[in-house]
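> One structure, pasted below without further comment.
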Amino acid sequence: MSFATPSVAFTGPGQARTWLAIFGSAYVLALALCVVTVLTPAPYGDLTRIGRVPESDFGWRTGQAAVPRAALADAPLAEADVLVIGDSFSVGRLWQSVLVGQGLKVASTHWDQIGNALCSDLDEWLRSQGFRGRTVIVQTVQRWVVRRMDRSAACARTQGVYRPMGDSAAPPDEPPGWALNDRAKLSTGITTWTHGLRVRRDLREVVFRDPDNDIPLVSVRPLADGCVQFSHRLCDRGLFLAEDVMMDVPGDRQSAIARRISSAHPALRIVWMIVPDKTTVYAEPGRGAGFARQIEAAGLGPDLFAHAQAARRSIRDFYWPNDTHLSTRGMLDVGEEIRRWIERSAS
């Protein structure tokens with residue numbers, strides 16, 4: 001038995017021209033997509049990157065405060081007066097720089113390094129790792145409060161060893177300049193262009209979803225007085241993380257867990273720094289506000305939810321327009337609020 005290997009053969013000049021036309025069209029289309037993508041400004045905000053919306057529409061345009069690199073330095077744990085357990089809002093050590101400016105030595109670690117939980121042996125574990133200070137600032141963004149509190153309530157022993165967050169570059173005080181977007185997918189440029197066109201045409205809320213699993217990723221919402229609060233070009237609309245309204249809202253159970261954790265470690269002065277989600281601050285101010293008031297009423301930490309409602313109107317770009325995080329000015333403002341809280345609670 002013999003097998004013949006199939007082959008494609010052109011039967012005439014007409015078929016050859018057809019194949020060349022198809023190949024040429026595909027090549028021109030791919031080249032056009034490549035050019036559009038490369039010339040589309042690379043996103044520098046996490047929301048513009050996730051939602052694939054134009055930086056030209058949502059990039060911040062006002063100057064920010066310059067923070068000296070020395071103020072962003074992380075102290076060794078054994079020398080620290082203050083330990084910060086935080087998430088991405090603490091990685092750049094911007095708000096901590098306010099404490100450093102007051103002469104405090106601040107060490108920072110990430111929730112991931114301690115298993116995303118404050119376990120029953122927190123004090124004992126910190127001492128075993130070399131911490132000799134007393135103040136521990138527990139920073140968490142609102143959307144992760146419920147999961148972290150529930151994990152903490154069930155955790156008996158801390159796993160692993162202490163690791164600092166690592167070095168961080170000083171943030172820019174001016175918007176990044178234009179640069180070729182040469183590392184994106186081929187379709188990024190045309191997708192960004194069509195998303196931008198949709199946002200500019202539709203004045204209602206627009207939600208961009210993950211094309212692979214249809215999960216909401218980013219929403220664009222109309223904003224009253226948006227141009228007073230933000231500097232981006234489409235300032236009458238705000239860019240938000242869809243996950244903000246998909247996560248559980250913290251309430252009575254979580255405030256009770258925070259009280260138990262604080263009272264279980266009397267040798268530590270635990271300051272709870274609950275950072276509101278961007279969506280809460282600008283679009284749904286009642287979301288989680290009761291929990292924040294309970295934290296403050298119990299003497300556990302400042303009500304940053306109420307603070308943010310005032311700050312968003314006095315500080316333009318309190319949160320970055322194109323990002324989920326506080327801007328440099330926002331970080332420094334919140335750092336001042338934490339500093340004041342520590343001073344008040346110590347007196």
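Within each chain, counting starts at residue 1; across the structure tokens, chains are named A, B, ... in the order shown, with ligands numbered 1 upward in that order.
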Find the spatial neighbours of stretch 138-150 of chain A, counting only C-alpha atoms, within a cut-off of 9 Å - ignore same-chain residues fewer than 2 positions away - and output them as an MDAnalysis selection string.
chainID A and resid 83:90 111 116:118 136 152:155 243:251 253:255 257:258 270:277 280 288
> Name the residues of stretch 77-306 of chain A that fall into strand (DSSP E or B) according to DSSP on the backbone, using the chain letters and numbers of this document, as JSON, numbers by chain.
{"A": [82, 83, 84, 85, 86, 106, 107, 108, 109, 110, 135, 136, 137, 138, 139, 140, 141, 206, 207, 208, 209, 216, 217, 218, 219, 220, 221, 222, 237, 238, 239, 240, 241, 269, 270, 271, 272, 273, 274, 275]}
> Would you pick out the contacts of stretch 228-237 of chain A at 6 Å or less, using only C-alpha atoms, so that residues sharing its chain but fewer than 4 positions from it are not included, and give the list as a PDB file with N, CA, C and O atoms, in the first residue's frame?

```
ATOM      1  N   ASP A  57      -7.007  60.266  25.896  1.00  0.00           N
ATOM      2  CA  ASP A  57      -8.295  60.675  26.468  1.00  0.00           C
ATOM      3  C   ASP A  57      -8.293  60.670  27.987  1.00  0.00           C
ATOM      4  O   ASP A  57      -9.005  61.462  28.611  1.00  0.00           O
ATOM      5  N   PHE A  58      -7.519  59.759  28.607  1.00  0.00           N
ATOM      6  CA  PHE A  58      -7.598  59.571  30.053  1.00  0.00           C
ATOM      7  C   PHE A  58      -6.283  59.778  30.803  1.00  0.00           C
ATOM      8  O   PHE A  58      -6.231  59.636  32.022  1.00  0.00           O
ATOM      9  N   GLY A  59      -5.220  60.126  30.106  1.00  0.00           N
ATOM     10  CA  GLY A  59      -3.952  60.395  30.790  1.00  0.00           C
ATOM     11  C   GLY A  59      -4.005  61.708  31.548  1.00  0.00           C
ATOM     12  O   GLY A  59      -4.599  62.686  31.091  1.00  0.00           O
ATOM     13  N   TRP A  60      -3.377  61.744  32.720  1.00  0.00           N
ATOM     14  CA  TRP A  60      -3.368  62.971  33.534  1.00  0.00           C
ATOM     15  C   TRP A  60      -2.492  64.031  32.887  1.00  0.00           C
ATOM     16  O   TRP A  60      -1.513  63.728  32.215  1.00  0.00           O
ATOM     17  N   ARG A  61      -2.878  65.311  33.101  1.00  0.00           N
ATOM     18  CA  ARG A  61      -2.208  66.409  32.396  1.00  0.00           C
ATOM     19  C   ARG A  61      -1.707  67.512  33.326  1.00  0.00           C
ATOM     20  O   ARG A  61      -1.159  68.504  32.854  1.00  0.00           O
ATOM     21  N   ARG A 221     -17.771  56.016  33.304  1.00  0.00           N
ATOM     22  CA  ARG A 221     -19.017  56.570  33.820  1.00  0.00           C
ATOM     23  C   ARG A 221     -19.038  58.090  33.668  1.00  0.00           C
ATOM     24  O   ARG A 221     -18.001  58.739  33.818  1.00  0.00           O
ATOM     25  N   PRO A 222     -20.229  58.642  33.412  1.00  0.00           N
ATOM     26  CA  PRO A 222     -20.340  60.103  33.426  1.00  0.00           C
ATOM     27  C   PRO A 222     -20.060  60.633  34.832  1.00  0.00           C
ATOM     28  O   PRO A 222     -20.403  59.997  35.829  1.00  0.00           O
ATOM     29  N   LEU A 223     -19.407  61.807  34.912  1.00  0.00           N
ATOM     30  CA  LEU A 223     -19.056  62.392  36.205  1.00  0.00           C
ATOM     31  C   LEU A 223     -19.565  63.824  36.285  1.00  0.00           C
ATOM     32  O   LEU A 223     -19.212  64.664  35.449  1.00  0.00           O
ATOM     33  N   ARG A 313     -12.312  66.970  45.824  1.00  0.00           N
ATOM     34  CA  ARG A 313     -12.713  68.267  45.277  1.00  0.00           C
ATOM     35  C   ARG A 313     -11.671  69.353  45.540  1.00  0.00           C
ATOM     36  O   ARG A 313     -11.678  70.384  44.879  1.00  0.00           O
ATOM     37  N   ARG A 316      -7.103  68.210  42.593  1.00  0.00           N
ATOM     38  CA  ARG A 316      -7.414  67.704  41.257  1.00  0.00           C
ATOM     39  C   ARG A 316      -6.521  66.501  40.969  1.00  0.00           C
ATOM     40  O   ARG A 316      -5.322  66.522  41.235  1.00  0.00           O
ATOM     41  N   ASP A 317      -7.105  65.446  40.417  1.00  0.00           N
ATOM     42  CA  ASP A 317      -6.403  64.171  40.241  1.00  0.00           C
ATOM     43  C   ASP A 317      -5.992  63.596  41.597  1.00  0.00           C
ATOM     44  O   ASP A 317      -4.853  63.162  41.798  1.00  0.00           O
TER      45      ASP A 317
END
```
> Got a sec: who's within 6 Å of A:Ser219, counting only C-alpha atoms, leaving out chain neighbours fewer than 5 positions off, as a list in words?
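Listed by chain and then number, they are Val206, Val207, Leu239, Phe240 and Ala242 of chain A.
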> Using DSSP on the backbone coordinates, identify all residues within stretch 146-287 of chain A classified as alpha helix (DSSP H); present the result as an NGL selection string.
:A and (146-153 or 188-201 or 226-229 or 252-264 or 278-282)
> Would you mind listing what lies within 6 Å of stretch 329-341 of chain A as a list in words, with only C-alpha atoms counted and same-chain residues fewer than 6 positions away left out?
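Near stretch 329-341 of chain A, the qualifying residues are Leu94, Trp95, Val98 and Phe318 of chain A.
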> With distances taken over only C-alpha atoms, which of A:Gly196, A:Pro176, A:Ile137, A:Asn213 is nearest to A:Gly301?
A:Ile137
> Got a sec: who's within 12 Å of A:Val100, counting only C-alpha atoms, leaving out chain neighbours fewer than 2 positions off, as a ChimeraX atom specification?
/A:67-75,80-83,93-98,102-107,332,335-336,339
> Using only C-alpha atoms, which residue out of A:Gln294, A:Ser327, A:Ser314, A:Thr194 lies closest to A:Val53?
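Closest to A:Val53 of all the choices is A:Thr194.
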> Which one of A:Ser345, A:Gln309, A:Ser262, A:Thr191 sits closest to A:Gly51 if you count only C-alpha atoms?
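When distances to A:Gly51 are compared using only C-alpha atoms, the smallest one comes from A:Thr191.
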> Of the residues A:Pro175, A:Arg201, A:Trp193, A:Leu122, which is the one nearest to A:Tyr162, using only C-alpha atoms?
A:Leu122
> Identify which of the residues A:Ala65, A:Ile261, A:Leu77, A:Ile342 lies closest to A:Gly130, counting only C-alpha atoms when measuring atom-to-atom distances.
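Of all the options, A:Leu77 lies closest to A:Gly130.
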> Have a look at atom CA of A:Arg259 and atom CA of A:Leu99 and let me know their distance in Å, one decimal.
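Atom CA of A:Arg259 sits 24.5 Å away from atom CA of A:Leu99.
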